[in-house]
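**Q** Structure supplied as work_16.csv; contents: CSV, C-alpha atoms.
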chain,number,residue,atom,x,y,z
Q,79,MET,CA,-1.4,-4.8,-19.0
Q,80,LYS,CA,-2.9,-1.7,-17.6
Q,81,LEU,CA,-4.6,-1.6,-14.2
Q,82,GLY,CA,-7.0,1.2,-13.4
Q,83,ASP,CA,-6.1,4.1,-11.2
Q,84,GLY,CA,-8.4,2.6,-8.5
Q,85,VAL,CA,-5.9,-0.2,-7.9
Q,86,GLU,CA,-3.2,2.3,-6.9
Q,87,GLN,CA,-5.6,4.3,-4.8
Q,88,ALA,CA,-6.9,1.2,-3.1
Q,89,ILE,CA,-3.4,-0.1,-2.3
Q,90,HIS,CA,-2.3,3.2,-0.9
Q,91,SER,CA,-5.5,3.5,1.2
Q,92,VAL,CA,-5.1,0.0,2.6
Q,93,THR,CA,-1.5,0.6,3.5
Q,94,LEU,CA,-2.4,3.9,5.2
Q,95,LEU,CA,-5.2,2.3,7.1
Q,96,ALA,CA,-2.8,-0.4,8.2
Q,97,ALA,CA,-0.7,2.3,10.0
Q,98,LEU,CA,-3.7,3.5,12.1
Q,99,PRO,CA,-3.5,2.8,15.9
Q,100,GLN,CA,-6.0,0.3,17.4
Q,101,GLY,CA,-9.5,1.7,17.1
Q,102,GLY,CA,-8.6,4.3,14.5
Q,103,LEU,CA,-10.8,5.1,11.5
Q,104,LEU,CA,-10.5,7.3,8.5
Q,105,SER,CA,-13.3,8.6,6.5
Q,106,ALA,CA,-13.4,8.2,2.7
Q,107,ALA,CA,-13.0,12.0,2.4
Q,108,ALA,CA,-9.9,11.9,4.6
Q,109,LEU,CA,-8.3,9.1,2.6
Q,110,ALA,CA,-9.1,11.0,-0.6
Q,111,GLU,CA,-7.6,14.2,0.8
Q,112,PHE,CA,-4.4,12.5,2.0
Q,113,HIS,CA,-3.8,11.1,-1.5
Q,114,GLY,CA,-5.1,14.1,-3.4
Q,115,VAL,CA,-7.7,12.1,-5.3
Q,116,SER,CA,-11.4,12.3,-6.0
Q,117,ALA,CA,-13.5,11.2,-3.0
Q,118,SER,CA,-16.3,9.8,-5.1
Q,119,TYR,CA,-14.0,7.7,-7.3
Q,120,LEU,CA,-12.1,6.4,-4.2
Q,121,LEU,CA,-15.3,5.6,-2.4
Q,122,LYS,CA,-16.3,3.2,-5.1
Q,123,HIS,CA,-13.0,1.3,-4.5
Q,124,LEU,CA,-13.3,1.5,-0.7
Q,125,GLN,CA,-16.8,-0.1,-1.1
Q,126,ALA,CA,-15.3,-2.9,-3.2
Q,127,LEU,CA,-12.6,-3.5,-0.6
Q,128,SER,CA,-15.3,-3.7,2.1
Q,129,VAL,CA,-17.4,-6.2,0.1
Q,130,ALA,CA,-14.2,-8.3,-0.3
Q,131,GLY,CA,-13.7,-8.3,3.5
Q,132,ILE,CA,-10.5,-6.3,3.3
Q,133,LEU,CA,-11.9,-3.2,5.0
Q,134,GLU,CA,-14.5,-2.8,7.6
Q,135,THR,CA,-17.0,0.1,7.2
Q,136,LEU,CA,-18.4,1.8,10.3
Q,137,PRO,CA,-21.4,3.9,9.2
Q,138,GLY,CA,-22.5,7.2,10.5
Q,139,PRO,CA,-21.1,10.7,10.9
Q,140,LYS,CA,-18.3,9.4,13.2
Q,141,GLY,CA,-17.7,6.3,11.0
Q,142,GLY,CA,-15.1,5.5,8.5
Q,143,TYR,CA,-12.9,2.7,7.4
Q,144,ARG,CA,-10.4,0.4,9.0
Q,145,LEU,CA,-8.8,-2.9,8.2
Q,146,ALA,CA,-11.0,-6.0,8.6
Q,147,GLN,CA,-8.0,-8.3,8.5
Q,148,LYS,CA,-4.5,-8.1,9.8
Q,149,PRO,CA,-2.0,-6.4,7.5
Q,150,ASP,CA,0.1,-9.6,7.2
Q,151,GLU,CA,-3.1,-11.4,5.9
Q,152,ILE,CA,-3.8,-8.9,3.1
Q,153,THR,CA,-1.9,-9.3,-0.2
Q,154,LEU,CA,-1.6,-7.1,-3.2
Q,155,LEU,CA,-3.5,-9.8,-5.1
Q,156,ASP,CA,-6.4,-9.5,-2.7
Q,157,ILE,CA,-6.6,-5.8,-3.3
Q,158,VAL,CA,-6.3,-6.0,-7.1
Q,159,LEU,CA,-9.0,-8.7,-7.3
Q,160,ALA,CA,-11.3,-6.7,-5.1
Q,161,VAL,CA,-10.9,-3.6,-7.3
Q,162,GLU,CA,-10.5,-5.1,-10.8
Q,163,GLY,CA,-12.5,-8.4,-10.3
Q,164,PRO,CA,-11.4,-12.0,-10.7
Q,165,GLU,CA,-11.4,-12.1,-14.5
Q,166,PRO,CA,-8.0,-12.5,-16.2
Q,167,ALA,CA,-6.6,-9.4,-17.9
Q,168,PHE,CA,-6.5,-11.2,-21.2
Q,169,ARG,CA,-9.8,-12.7,-22.5
Q,170,CYS,CA,-9.5,-14.7,-25.6
Q,171,LYS,CA,-12.4,-14.2,-28.0
Q,172,GLU,CA,-11.2,-16.9,-30.4
Q,173,ILE,CA,-10.9,-14.5,-33.3
Q,174,ARG,CA,-8.7,-17.1,-35.0
Q,175,GLN,CA,-12.1,-18.7,-36.1
Q,176,ASN,CA,-13.3,-15.5,-37.7
Q,177,GLY,CA,-12.7,-13.9,-41.1
Q,178,PRO,CA,-13.2,-15.1,-44.6
Q,179,ASN,CA,-12.8,-18.8,-45.4
Q,180,PRO,CA,-12.7,-19.9,-41.8
Q,181,LEU,CA,-11.3,-23.4,-41.1
Q,182,PRO,CA,-13.7,-26.1,-39.9
Q,183,ALA,CA,-14.4,-26.2,-36.2
Q,184,LYS,CA,-12.5,-29.5,-35.8
Q,185,ARG,CA,-9.2,-27.5,-36.4
Q,186,PHE,CA,-9.8,-25.6,-33.2
Q,187,THR,CA,-10.1,-28.4,-30.6
Q,188,ALA,CA,-6.8,-27.4,-28.9
Q,189,PRO,CA,-6.7,-24.2,-26.9
Q,190,CYS,CA,-5.4,-21.1,-28.6
Q,191,GLN,CA,-1.7,-21.0,-28.0
Q,192,ILE,CA,-1.8,-17.2,-27.6
Q,193,ASN,CA,-4.5,-17.6,-24.9
Q,194,ALA,CA,-2.4,-20.3,-23.2
Q,195,ALA,CA,0.7,-18.1,-23.1
Q,196,MET,CA,-1.3,-15.2,-21.7
Q,197,LEU,CA,-2.9,-17.3,-19.0
Q,198,ARG,CA,0.6,-18.6,-18.0
Q,199,ALA,CA,1.7,-14.9,-17.7
Q,200,GLU,CA,-1.4,-14.1,-15.6
Q,201,ARG,CA,-0.7,-17.0,-13.2
Q,202,ALA,CA,2.9,-15.7,-12.7
Q,203,TYR,CA,1.7,-12.2,-12.2
Q,204,ARG,CA,-0.9,-13.3,-9.6
Q,205,SER,CA,1.6,-15.6,-7.9
Q,206,GLU,CA,4.0,-12.7,-7.4
Q,207,LEU,CA,1.2,-10.3,-6.1
Q,208,ARG,CA,0.1,-13.1,-3.7
Q,209,THR,CA,3.6,-13.0,-2.0
Q,210,VAL,CA,3.5,-9.3,-1.1
Q,211,THR,CA,1.5,-8.3,2.0
Q,212,VAL,CA,0.5,-4.9,3.2
Q,213,ALA,CA,2.5,-5.5,6.3
Q,214,ALA,CA,5.6,-6.2,4.2
Q,215,LEU,CA,5.0,-3.0,2.2
Q,216,ASN,CA,4.7,-0.9,5.3
Q,217,ALA,CA,7.8,-2.5,6.8
Q,218,GLN,CA,9.8,-1.7,3.7
Q,219,VAL,CA,8.6,1.9,3.7
Q,220,MET,CA,9.5,2.3,7.4
Q,221,ARG,CA,13.0,0.9,6.8
Q,222,GLU,CA,13.6,3.4,4.1
Q,223,ASP,CA,12.0,6.4,5.9
Q,224,ASP,CA,14.1,9.2,7.3
Q,225,GLY,CA,11.2,10.0,9.6
Q,226,SER,CA,9.4,12.3,7.2
Q,227,ILE,CA,6.8,9.7,6.0
Q,228,ALA,CA,6.0,8.7,9.6
Q,229,ALA,CA,5.7,12.4,10.6
Q,230,ARG,CA,3.4,13.2,7.7
Q,231,GLY,CA,1.1,10.2,8.6
Q,232,CYS,CA,1.1,11.1,12.3
Q,233,ALA,CA,0.2,14.7,11.6
Q,234,PHE,CA,-2.6,13.7,9.3
Q,235,PHE,CA,-3.9,11.1,11.8
Q,236,LYS,CA,-4.0,13.8,14.5
Q,237,GLY,CA,-6.3,16.0,12.5
Q,238,HIS,CA,-8.4,13.4,10.7
Q,239,MET,CA,-8.5,10.1,12.6
Q,240,ARG,CA,-11.7,9.0,14.3
Q,241,GLN,CA,-11.9,6.6,17.2
Q,242,SER,CA,-14.1,3.7,17.6
Q,243,LYS,CA,-14.2,0.7,19.9
Q,244,PRO,CA,-11.5,-1.7,18.8
Q,245,LYS,CA,-12.7,-4.8,17.0
Q,246,THR,CA,-13.1,-7.8,19.2
Q,247,PRO,CA,-11.2,-10.8,17.9
Q,248,SER,CA,-13.4,-13.4,16.2
Please rewrite the model in this file as structure tokens.

**A**
Amino acid sequence: MKLGDGVEQAIHSVTLLAALPQGGLLSAAALAEFHGVSASYLLKHLQALSVAGILETLPGPKGGYRLAQKPDEITLLDIVLAVEGPEPAFRCKEIRQNGPNPLPAKRFTAPCQINAAMLRAERAYRSELRTVTVAALNAQVMREDDGSIAARGCAFFKGHMRQSKPKTPS
């Protein structure tokens, strides 16, 4: 299975936004600069994350992005589904019914065993992604950090972070 580059960019952007102090925002351009990726390509995925309710978008020249949920409520599955959509990776087209001399339709009442196996794998994959939160990812990075990752983030925030009024709890 191959996920698009947007999934990696989205996960890294969400984990970076999770490290912002209260009221902090980053623009799409700043997120793209931090990760060395195309701003226009990343923007498409940031918008998908906003539509999914993972990010909050504050418009305007002083606007930007911040998390719309707590980091321990956002899973990797949430991010993948926001970027890639809810469809399974494997989509059976029932090609077993094609070709010369096809069998009668009554031979195909049971689901395709290949499709069934692929859907079981998809369920296992999604189940695993559902167990990993953004908070857990950031905690693991911080446990393994010698200080250089935190210093890089703090230095970047100092030059690029925008401030807004903190979200009021709903």

**Q** Could you pull out every residue with an atom within 10 Å of (-9.1, 4.3, -4.2), file coordinates, counting only C-alpha atoms, and send them as a list of chain:residue names?

**A** Q:Gly82, Q:Asp83, Q:Gly84, Q:Val85, Q:Glu86, Q:Gln87, Q:Ala88, Q:Ile89, Q:His90, Q:Ser91, Q:Val92, Q:Ala106, Q:Leu109, Q:Ala110, Q:His113, Q:Val115, Q:Ser116, Q:Ala117, Q:Ser118, Q:Tyr119, Q:Leu120, Q:Leu121, Q:Lys122, Q:His123, Q:Leu124, Q:Gln125, Q:Ala126, Q:Leu127, Q:Val161

**Q** Tell me which protein, DNA and RNA residues are within 12 Å of range 205-209 of chain Q, counting only C-alpha atoms, leaving out same-chain ones fewer than 6 positions away, and put them as a ChimeraX atom specification.

**A** /Q:89,150-159,198-199,215

**Q** Please determine, counting all atoms listed in the file, which residue among Q:Ala195, Q:Ala160, Q:Leu95, Q:Ile132 has the shortest atom-to-atom distance to Phe235 in chain Q.

**A**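 Nearest candidate to Phe235 in chain Q out of Q:Ala195, Q:Ala160, Q:Leu95, Q:Ile132: Q:Leu95.
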
**Q** In Å, with one decimal, what is the gap from CA of Gln241 in chain Q to CA of Leu104 in chain Q?

**A**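 Separation of CA of Gln241 in chain Q and CA of Leu104 in chain Q: 8.8 Å.
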
**Q** Quick one: of Q:Ala214, Q:Ala108, Q:Glu200, Q:Lys236, who's nearest to Ala167 in chain Q, counting all atoms listed in the file?

**A**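 Residue with the minimum atom-to-atom distance to Ala167 in chain Q: Q:Glu200.
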
**Q** Skip Glu134 in chain Q itself and residues of its chain fewer than 2 positions away, then list as a VMD selection string all residues within 7 Å of it, counting all atoms listed in the file.

**A** chain Q and resid 128 131 to 132 136 143 to 146

**Q** What is the distance, in Å and to one decimal place, between CA of Pro166 in chain Q and CA of Leu197 in chain Q?

**A**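 Atom-to-atom, CA of Pro166 in chain Q and CA of Leu197 in chain Q are spaced 7.5 Å apart.
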
**Q** Taking only C-alpha atoms into account, which of Q:Gln100, Q:Glu111, Q:Thr93, Q:Val129 comes nearest His238 in chain Q?

**A** Q:Glu111

**Q** If I take CA of Ala233 in chain Q and CA of Ala213 in chain Q, how far is one from the other in Å, to one decimal?

**A** 21.0 Å

**Q** Just checking: using all atoms listed in the file, which residue out of Q:Lys184, Q:Gly237, Q:Ala217, Q:Pro164 ends up closest to Arg204 in chain Q?

**A** Q:Pro164

**Q** Pick out the closest residue to Thr211 in chain Q from this set: Q:Gly163, Q:Gly102, Q:Gly231, Q:Pro149. Count only C-alpha atoms.

**A**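 The closest residue to Thr211 in chain Q is Q:Pro149.
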
**Q** For Leu98 in chain Q, which residue among Q:Met196, Q:Cys190, Q:Arg185, Q:Lys148 is the nearest when counting only C-alpha atoms?

**A**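 Of Q:Met196, Q:Cys190, Q:Arg185, Q:Lys148, the one nearest Leu98 in chain Q, counting only C-alpha atoms, is Q:Lys148.
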
**Q** Working from the structure I just supplied, which lacks atoms in range 127-150 of chain Q, can you model N, CA, C and O atoms there and output them as a tab-separated table (two decimals), in the frame of the given file?

**A**
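Output saved as out-v5.tsv:
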chain	number	residue	atom	x	y	z
Q	127	LEU	N	-13.49	-2.89	-1.58
Q	127	LEU	CA	-12.60	-3.50	-0.60
Q	127	LEU	C	-13.41	-3.97	0.64
Q	127	LEU	O	-13.07	-4.99	1.25
Q	128	SER	N	-14.46	-3.25	0.98
Q	128	SER	CA	-15.30	-3.70	2.10
Q	128	SER	C	-16.10	-4.94	1.73
Q	128	SER	O	-16.18	-5.87	2.53
Q	129	VAL	N	-16.65	-4.99	0.52
Q	129	VAL	CA	-17.40	-6.20	0.10
Q	129	VAL	C	-16.45	-7.39	0.06
Q	129	VAL	O	-16.87	-8.49	0.41
Q	130	ALA	N	-15.18	-7.18	-0.28
Q	130	ALA	CA	-14.20	-8.30	-0.30
Q	130	ALA	C	-13.72	-8.69	1.06
Q	130	ALA	O	-12.99	-9.66	1.19
Q	131	GLY	N	-14.12	-7.95	2.10
Q	131	GLY	CA	-13.70	-8.30	3.50
Q	131	GLY	C	-12.33	-7.79	3.83
Q	131	GLY	O	-11.78	-8.19	4.86
Q	132	ILE	N	-11.78	-6.89	3.04
Q	132	ILE	CA	-10.50	-6.30	3.30
Q	132	ILE	C	-10.61	-5.15	4.31
Q	132	ILE	O	-9.80	-4.97	5.22
Q	133	LEU	N	-11.64	-4.34	4.09
Q	133	LEU	CA	-11.90	-3.20	5.00
Q	133	LEU	C	-13.23	-3.44	5.71
Q	133	LEU	O	-14.13	-4.13	5.23
Q	134	GLU	N	-13.30	-2.82	6.85
Q	134	GLU	CA	-14.50	-2.80	7.60
Q	134	GLU	C	-15.06	-1.36	7.56
Q	134	GLU	O	-14.30	-0.41	7.72
Q	135	THR	N	-16.34	-1.22	7.32
Q	135	THR	CA	-17.00	0.10	7.20
Q	135	THR	C	-17.81	0.30	8.48
Q	135	THR	O	-18.64	-0.53	8.83
Q	136	LEU	N	-17.58	1.41	9.14
Q	136	LEU	CA	-18.40	1.80	10.30
Q	136	LEU	C	-19.24	2.98	9.82
Q	136	LEU	O	-18.69	4.04	9.51
Q	137	PRO	N	-20.57	2.81	9.72
Q	137	PRO	CA	-21.40	3.90	9.20
Q	137	PRO	C	-21.63	5.02	10.18
Q	137	PRO	O	-21.30	4.90	11.36
Q	138	GLY	N	-22.17	6.09	9.66
Q	138	GLY	CA	-22.50	7.20	10.50
Q	138	GLY	C	-21.56	8.37	10.40
Q	138	GLY	O	-20.48	8.25	9.82
Q	139	PRO	N	-21.95	9.50	10.98
Q	139	PRO	CA	-21.10	10.70	10.90
Q	139	PRO	C	-19.76	10.55	11.56
Q	139	PRO	O	-18.82	11.25	11.23
Q	140	LYS	N	-19.63	9.65	12.50
Q	140	LYS	CA	-18.30	9.40	13.20
Q	140	LYS	C	-17.69	8.14	12.66
Q	140	LYS	O	-16.73	7.66	13.23
Q	141	GLY	N	-18.24	7.59	11.58
Q	141	GLY	CA	-17.70	6.30	11.00
Q	141	GLY	C	-16.55	6.53	10.12
Q	141	GLY	O	-15.95	7.59	10.06
Q	142	GLY	N	-16.24	5.46	9.44
Q	142	GLY	CA	-15.10	5.50	8.50
Q	142	GLY	C	-14.68	4.09	8.17
Q	142	GLY	O	-15.46	3.14	8.28
Q	143	TYR	N	-13.43	3.97	7.81
Q	143	TYR	CA	-12.90	2.70	7.40
Q	143	TYR	C	-11.70	2.29	8.24
Q	143	TYR	O	-10.94	3.14	8.72
Q	144	ARG	N	-11.56	0.98	8.41
Q	144	ARG	CA	-10.40	0.40	9.00
Q	144	ARG	C	-10.21	-0.99	8.44
Q	144	ARG	O	-11.11	-1.51	7.76
Q	145	LEU	N	-9.08	-1.59	8.68
Q	145	LEU	CA	-8.80	-2.90	8.20
Q	145	LEU	C	-9.76	-3.94	8.82
Q	145	LEU	O	-10.00	-3.87	10.02
Q	146	ALA	N	-10.22	-4.88	8.03
Q	146	ALA	CA	-11.00	-6.00	8.60
Q	146	ALA	C	-10.15	-7.21	8.82
Q	146	ALA	O	-10.60	-8.16	9.44
Q	147	GLN	N	-8.93	-7.16	8.31
Q	147	GLN	CA	-8.00	-8.30	8.50
Q	147	GLN	C	-6.65	-7.67	8.97
Q	147	GLN	O	-6.42	-6.47	8.86
Q	148	LYS	N	-5.79	-8.54	9.43
Q	148	LYS	CA	-4.50	-8.10	9.80
Q	148	LYS	C	-3.65	-7.76	8.56
Q	148	LYS	O	-3.81	-8.42	7.54
Q	149	PRO	N	-2.77	-6.76	8.65
Q	149	PRO	CA	-2.00	-6.40	7.50
Q	149	PRO	C	-1.14	-7.51	6.88
Q	149	PRO	O	-0.90	-7.52	5.68
Q	150	ASP	N	-0.74	-8.45	7.70
Q	150	ASP	CA	0.10	-9.60	7.20
Q	150	ASP	C	-0.81	-10.64	6.50
Q	150	ASP	O	-0.29	-11.61	5.96
